[in-house]
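Peer 1: Once you've had a glance at the structure underneath, I'll fire off some questions.
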Number of protein chains: 2
Amino acid sequence: MKARKADVLQRLAEVEDEFVGLWRTMSSLWGISPTMAQIHGLLYITGAAMSMDEIMERLGISRGNVSMNLSKLVEWGLVQRVHKKGDRRDYYRSLSDVWEMFTIVAAQRKRREIDPILTTLRRCKEELSPEKLGAAAAEEPARQRFERVNNLLSFLTMMDSLAQRFLESHRRLRDAVEILAQES
Amino acid sequence: MKARKADVLQRLAEVEDEFVGLWRTMSSLWGISPTMAQIHGLLYITGAAMSMDEIMERLGISRGNVSMNLSKLVEWGLVQRVHKKGDRRDYYRSLSDVWEMFTIVAAQRKRREIDPILTTLRRCKEELSPEKLGAAAAEEPARQRFERVNNLLSFLTMMDSLAQRFLESHRRLRDAVEILAQES
DNA sequence: TACAATTTTCATATCTTCCTAAAAGGAATA
DNA sequence: TATTCCTTTTAGGAAGATATGAAAATTGTA
């Protein structure tokens, strides 16, 4: 019986490894670094509150690396610091709600990547406007470029404001998805 | 008057550069390489059909690099080969419709990144099932993990099938966005 | 078929990103 | 305050990704 139990733990560990690997490869999709994803994957699948040493050990990565990436995860809000009384070490635990995690990641990406893009695009549009270019703005090459920048800007602005609304809370996201799922 | 015209072209070129730079930094968001994005950005903003030599010249990148990235862009469907009669060279032109470009990119990412993830996740779920783990599957550590994998799988499956539906054509995407925009 | 004009491929070089190990920094205990 | 335990920072190195240039392949023309 004892042997079988060890066997099961072994199997679990293998699945965990597979999951962590998967999470790692997904990292670019979420816009986070591979190690960051890996650590998060481990915390998510085990559901455990783990110390830095456990994580280092389990994933075979260095202390500094774990430290940096854990603090990023905490900063993003995907992982929380947990204190165990009588223990000096910090423990870390992942959020458990998938919708919430998704919302957080998407909101972060929006803020960090999309918002600056919109700013730059607006500047481009500005520079192609009649105010800046004078009469030349009405002529072909300038008009063409203005229109292309503008189309893009309209598109992104629309997407952005939708995201704004639906990423405010994971509840709202869920609602939106439900609406879409109904529409046949 | 001639001087002024040159001046305007100069200004246009500057805006183009800014735009190309922006596009380049956006590349990770779209899941394409920086140079690929850069080239696409140039073709999009100018709206022109350009030859490899023009692109090399304009962006200051090598022939091989341009060649490889152009063929990827064509493969993705973001850029089209154009023939000019009486000219042996190939010319390349970007799609102009923003919605269409977005749809293509999203569909590609889905196929190349999300689909393999779903496959792996299903395998993880499988390995945590009672069939594989026997009685142990009912006990805590396994149940916990099973549930987490399953939650994630449900979430991604739902997102995936939504994407499936709305990315079939940019028309449908537009419709979906309209529905969402209406919901206050 | 031979030639000329283009494009593609690929080995090499370059650059960037990420990771490690060690040292510095901080906080809890005695 | 000194000591110990734990975390963060950092300089340097390794791995991986990207770019280059020249040779090979392809395509069109005579």
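Letters A, B, ... mark the chains of the structure tokens in the order given; residue numbers begin at 1 per chain; ligand numbers begin at 1, in order shown.
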Counting only C-alpha atoms (C1' of nucleotides), a student should be able to say which residues of chain D come within 12 Å of chain B; what is the right answer, written as a list in words?
Peer 2: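 Matching residues, ligands excluded from the count: DA17, DT18, DA19, DT20, DG21, DA22, DT27, DG28 and DT29 of chain D.
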Peer 1: Keeping only N, CA and C atoms (P, O5', C5', C4', C3', O3' and C1' of nucleotides), take the residues you just selected and write them out as a compact mmCIF listing (two decimals), in the first residue's frame.
Peer 2:
```txt
# COMPACT_ATOMS: atom_id res chain seq x y z
P DA D 17 14.68 30.06 -29.44
O5' DA D 17 14.82 31.50 -30.10
C5' DA D 17 14.60 32.66 -29.29
C4' DA D 17 15.01 33.88 -30.08
C3' DA D 17 14.45 33.92 -31.50
O3' DA D 17 14.00 35.24 -31.75
C1' DA D 17 16.81 34.12 -31.57
P DT D 18 13.18 35.59 -33.05
O5' DT D 18 14.09 36.69 -33.75
C5' DT D 18 15.39 36.86 -33.32
C4' DT D 18 16.13 37.88 -34.15
C3' DT D 18 15.67 38.06 -35.58
O3' DT D 18 15.92 39.42 -35.94
C1' DT D 18 17.82 37.08 -35.57
P DA D 19 15.84 39.98 -37.39
O5' DA D 19 17.36 39.96 -37.82
C5' DA D 19 18.24 40.91 -37.23
C4' DA D 19 19.54 40.94 -38.01
C3' DA D 19 19.37 41.26 -39.49
O3' DA D 19 20.36 42.23 -39.82
C1' DA D 19 20.49 39.17 -39.23
P DT D 20 20.49 42.71 -41.33
O5' DT D 20 21.76 41.89 -41.83
C5' DT D 20 22.97 41.97 -41.08
C4' DT D 20 24.03 41.12 -41.76
C3' DT D 20 24.16 41.36 -43.26
O3' DT D 20 25.50 41.78 -43.53
C1' DT D 20 24.00 39.03 -42.78
P DG D 21 25.86 42.49 -44.87
O5' DG D 21 26.56 41.32 -45.71
C5' DG D 21 27.47 40.44 -45.05
C4' DG D 21 27.84 39.32 -45.98
C3' DG D 21 27.92 39.69 -47.46
O3' DG D 21 28.95 38.92 -48.03
C1' DG D 21 26.27 38.03 -47.19
P DA D 22 29.57 39.24 -49.45
O5' DA D 22 29.97 37.80 -49.99
C5' DA D 22 30.22 36.74 -49.04
C4' DA D 22 29.70 35.46 -49.62
C3' DA D 22 29.82 35.35 -51.14
O3' DA D 22 30.08 34.01 -51.47
C1' DA D 22 27.59 35.09 -50.53
P DT D 27 10.80 28.44 -60.15
O5' DT D 27 10.74 29.71 -61.10
C5' DT D 27 10.87 31.03 -60.54
C4' DT D 27 11.24 32.00 -61.63
C3' DT D 27 10.49 31.77 -62.95
O3' DT D 27 9.74 32.93 -63.24
C1' DT D 27 12.80 32.12 -63.32
P DG D 28 8.64 32.90 -64.39
O5' DG D 28 9.37 33.79 -65.48
C5' DG D 28 9.69 35.14 -65.17
C4' DG D 28 10.76 35.63 -66.10
C3' DG D 28 10.35 35.76 -67.56
O3' DG D 28 10.81 37.00 -68.03
C1' DG D 28 12.34 34.53 -67.40
P DT D 29 10.25 37.57 -69.39
O5' DT D 29 11.52 37.46 -70.33
C5' DT D 29 12.63 38.33 -70.11
C4' DT D 29 13.73 38.01 -71.07
C3' DT D 29 13.35 38.05 -72.55
O3' DT D 29 14.31 38.85 -73.22
C1' DT D 29 14.48 36.05 -72.06
```
Peer 1: Dump as a PyMOL selection string the residues of chain C that approach chain A to within 12 Å, counting only C-alpha atoms (C1' of nucleotides).
Peer 2: chain C and resi 17-22+27-29
Peer 1: Which is closest to chain A among B:Met50, B:Val8, B:Leu43, B:Leu78, if we use only C-alpha atoms?
Peer 2: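 Between B:Met50, B:Val8, B:Leu43, B:Leu78, the residue approaching chain A most closely is B:Val8.
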Peer 1: Just give me the gap between atom CA of Leu12 of chain B and atom CA of Leu73 of chain B in Å, one decimal is fine.
Peer 2: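 Value for the atom CA of Leu12 of chain B-atom CA of Leu73 of chain B distance: 24.5 Å.
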Peer 1: I'd like the neighbourhood of segment 127-138 of chain B as a list in words, where a residue qualifies if any of its atoms comes within 12 Å (using only C-alpha atoms (C1' of nucleotides)), though same-chain residues fewer than 5 positions away should be ignored.
Peer 2: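 Non-adjacent residues within range: Met1, Arg4, Lys5, Ala6, Asp7, Val8, Leu9, Gln10, Arg11, Leu12, Ala13, Glu14, Val15, Glu16, Glu18, Phe19 and Ile45 of chain A; Thr120, Leu121, Arg122, Arg143, Gln144, Arg145, Phe146, Glu147, Arg148, Val149 and Asn150 of chain B.
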Peer 1: Once DSSP has gone over the backbone, tell me which residues of segment 24-150 of chain A are in helix (DSSP H, G or I), as number ranges by chain.
Peer 2: A: 24-30, 34-46, 52-59, 63-76, 98-127, 130-138, 140-150
Peer 1: In Å, with one decimal, what is the gap from atom CA of Tyr44 of chain A to atom CA of Ser94 of chain A?
Peer 2: 5.3 Å
Peer 1: Using DSSP secondary structure from the backbone, list all strand (DSSP E or B) positions within chain B, as an MDAnalysis selection string.
Peer 2: chainID B and resid 50:51 79:83 90:94
Peer 1: May I have the selected residues written with N, CA and C atoms, as a PDB file, in the first residue's frame?
Peer 2:
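Saved to again.pdb:
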```pdb
ATOM      1  N   MET B  50       5.766  47.315 -53.273  1.00  0.00           N
ATOM      2  CA  MET B  50       7.205  47.592 -53.299  1.00  0.00           C
ATOM      3  C   MET B  50       8.002  46.341 -53.633  1.00  0.00           C
ATOM      4  N   SER B  51       9.152  46.554 -54.229  1.00  0.00           N
ATOM      5  CA  SER B  51      10.049  45.436 -54.532  1.00  0.00           C
ATOM      6  C   SER B  51      10.965  45.183 -53.339  1.00  0.00           C
ATOM      7  N   VAL B  79       0.194  39.833 -46.740  1.00  0.00           N
ATOM      8  CA  VAL B  79       0.807  40.545 -47.861  1.00  0.00           C
ATOM      9  C   VAL B  79       0.616  39.705 -49.117  1.00  0.00           C
ATOM     10  N   GLN B  80       0.423  40.398 -50.221  1.00  0.00           N
ATOM     11  CA  GLN B  80       0.234  39.678 -51.479  1.00  0.00           C
ATOM     12  C   GLN B  80       1.340  39.979 -52.475  1.00  0.00           C
ATOM     13  N   ARG B  81       1.682  38.964 -53.247  1.00  0.00           N
ATOM     14  CA  ARG B  81       2.621  39.175 -54.355  1.00  0.00           C
ATOM     15  C   ARG B  81       1.870  39.835 -55.492  1.00  0.00           C
ATOM     16  N   VAL B  82       2.538  40.797 -56.106  1.00  0.00           N
ATOM     17  CA  VAL B  82       1.927  41.523 -57.204  1.00  0.00           C
ATOM     18  C   VAL B  82       2.902  41.525 -58.368  1.00  0.00           C
ATOM     19  N   HIS B  83       2.403  41.257 -59.543  1.00  0.00           N
ATOM     20  CA  HIS B  83       3.293  41.308 -60.705  1.00  0.00           C
ATOM     21  C   HIS B  83       3.036  42.568 -61.511  1.00  0.00           C
ATOM     22  N   ASP B  90       9.363  40.701 -58.318  1.00  0.00           N
ATOM     23  CA  ASP B  90       8.099  40.585 -57.586  1.00  0.00           C
ATOM     24  C   ASP B  90       7.891  41.855 -56.779  1.00  0.00           C
ATOM     25  N   TYR B  91       6.647  42.240 -56.721  1.00  0.00           N
ATOM     26  CA  TYR B  91       6.299  43.360 -55.845  1.00  0.00           C
ATOM     27  C   TYR B  91       5.373  42.847 -54.755  1.00  0.00           C
ATOM     28  N   TYR B  92       5.344  43.563 -53.657  1.00  0.00           N
ATOM     29  CA  TYR B  92       4.546  43.106 -52.523  1.00  0.00           C
ATOM     30  C   TYR B  92       3.672  44.237 -52.019  1.00  0.00           C
ATOM     31  N   ARG B  93       2.433  43.866 -51.680  1.00  0.00           N
ATOM     32  CA  ARG B  93       1.506  44.877 -51.184  1.00  0.00           C
ATOM     33  C   ARG B  93       0.749  44.309 -49.991  1.00  0.00           C
ATOM     34  N   SER B  94       0.507  45.174 -49.016  1.00  0.00           N
ATOM     35  CA  SER B  94      -0.210  44.737 -47.814  1.00  0.00           C
ATOM     36  C   SER B  94      -1.718  44.756 -48.043  1.00  0.00           C
TER      37      SER B  94
END
```
Peer 1: Counting only C-alpha atoms (C1' of nucleotides), what is within 10 Å of DG26 of chain C, bar same-chain residues fewer than 6 positions away, as a list in words?
Peer 2: DC6, DT7 and DT8 of chain D
Peer 1: Any chance you can output those residues with N, CA and C atoms (P, O5', C5', C4', C3', O3' and C1' of nucleotides) as a PDB file, in the first residue's frame?
Peer 2:
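Wrote it out as part_3.pdb, contents follow:
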```
ATOM      1  P    DC D   6      15.119  30.296   6.961  1.00  0.00           P
ATOM      2  O5'  DC D   6      14.852  31.377   5.831  1.00  0.00           O
ATOM      3  C5'  DC D   6      13.963  32.456   6.122  1.00  0.00           C
ATOM      4  C4'  DC D   6      14.205  33.578   5.149  1.00  0.00           C
ATOM      5  C3'  DC D   6      14.126  33.211   3.673  1.00  0.00           C
ATOM      6  O3'  DC D   6      12.878  33.707   3.174  1.00  0.00           O
ATOM      7  C1'  DC D   6      15.864  34.796   4.138  1.00  0.00           C
ATOM      8  P    DT D   7      12.543  33.717   1.629  1.00  0.00           P
ATOM      9  O5'  DT D   7      13.138  35.123   1.155  1.00  0.00           O
ATOM     10  C5'  DT D   7      12.668  36.313   1.783  1.00  0.00           C
ATOM     11  C4'  DT D   7      13.217  37.522   1.060  1.00  0.00           C
ATOM     12  C3'  DT D   7      12.966  37.554  -0.439  1.00  0.00           C
ATOM     13  O3'  DT D   7      12.397  38.827  -0.726  1.00  0.00           O
ATOM     14  C1'  DT D   7      15.275  37.868   0.000  1.00  0.00           C
ATOM     15  P    DT D   8      11.980  39.215  -2.209  1.00  0.00           P
ATOM     16  O5'  DT D   8      13.240  40.064  -2.708  1.00  0.00           O
ATOM     17  C5'  DT D   8      13.561  41.268  -2.019  1.00  0.00           C
ATOM     18  C4'  DT D   8      14.831  41.872  -2.583  1.00  0.00           C
ATOM     19  C3'  DT D   8      14.787  42.177  -4.084  1.00  0.00           C
ATOM     20  O3'  DT D   8      15.054  43.563  -4.212  1.00  0.00           O
ATOM     21  C1'  DT D   8      16.785  41.013  -3.518  1.00  0.00           C
TER      22       DT D   8
END
```
Peer 1: Report as an mmCIF file with N, CA and C atoms, in the first residue's frame all protein, DNA and RNA residues lying within 10 Å of Ala107 of chain A, evaluated on only C-alpha atoms (C1' of nucleotides), omitting residues in the same chain fewer than 6 positions from it.
Peer 2:
```cif
data_model
loop_
_atom_site.group_PDB
_atom_site.id
_atom_site.type_symbol
_atom_site.label_atom_id
_atom_site.label_comp_id
_atom_site.auth_asym_id
_atom_site.auth_seq_id
_atom_site.Cartn_x
_atom_site.Cartn_y
_atom_site.Cartn_z
ATOM 1 N N TRP A 76 1.828 41.581 -10.743
ATOM 2 C CA TRP A 76 0.741 41.405 -11.705
ATOM 3 C C TRP A 76 -0.564 41.055 -10.981
ATOM 4 N N MET A 101 -7.869 35.210 -13.505
ATOM 5 C CA MET A 101 -6.492 35.258 -13.994
ATOM 6 C C MET A 101 -6.451 35.838 -15.397
ATOM 7 N N GLU A 113 0.766 47.577 -23.076
ATOM 8 C CA GLU A 113 1.123 47.513 -24.486
ATOM 9 C C GLU A 113 0.197 48.314 -25.382
ATOM 10 N N ILE A 114 -1.104 48.167 -25.185
ATOM 11 C CA ILE A 114 -2.028 48.828 -26.108
ATOM 12 C C ILE A 114 -2.065 50.334 -25.882
ATOM 13 N N ALA A 163 -12.635 46.332 -24.536
ATOM 14 C CA ALA A 163 -11.827 45.650 -23.529
ATOM 15 C C ALA A 163 -11.950 46.356 -22.191
ATOM 16 N N GLN A 164 -11.814 47.667 -22.257
ATOM 17 C CA GLN A 164 -11.992 48.495 -21.064
ATOM 18 C C GLN A 164 -13.216 48.063 -20.270
ATOM 19 N N PHE A 166 -15.202 45.326 -20.593
ATOM 20 C CA PHE A 166 -15.415 43.943 -20.181
ATOM 21 C C PHE A 166 -14.327 43.397 -19.276
ATOM 22 N N LEU A 167 -13.230 44.095 -19.209
ATOM 23 C CA LEU A 167 -12.177 43.609 -18.326
ATOM 24 C C LEU A 167 -12.236 44.266 -16.951
ATOM 25 N N GLU A 168 -13.230 45.109 -16.768
ATOM 26 C CA GLU A 168 -13.329 45.747 -15.459
ATOM 27 C C GLU A 168 -13.454 44.718 -14.341
ATOM 28 N N SER A 169 -14.173 43.668 -14.623
ATOM 29 C CA SER A 169 -14.257 42.592 -13.639
ATOM 30 C C SER A 169 -14.479 41.297 -14.389
#
```
Peer 1: Would you mind reading off the distance between atom CA of Arg89 of chain A and atom CA of Ser67 of chain A, one decimal, in Å?
Peer 2: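 These atoms are spaced 12.4 Å apart.
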Peer 1: Restricting the calculation to only C-alpha atoms, which member of B:Cys124, B:Leu173, B:Ile32, B:Met52 is positioned closest to chain A?
Peer 2: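 Checking each candidate against chain A, we get B:Cys124 as the closest.
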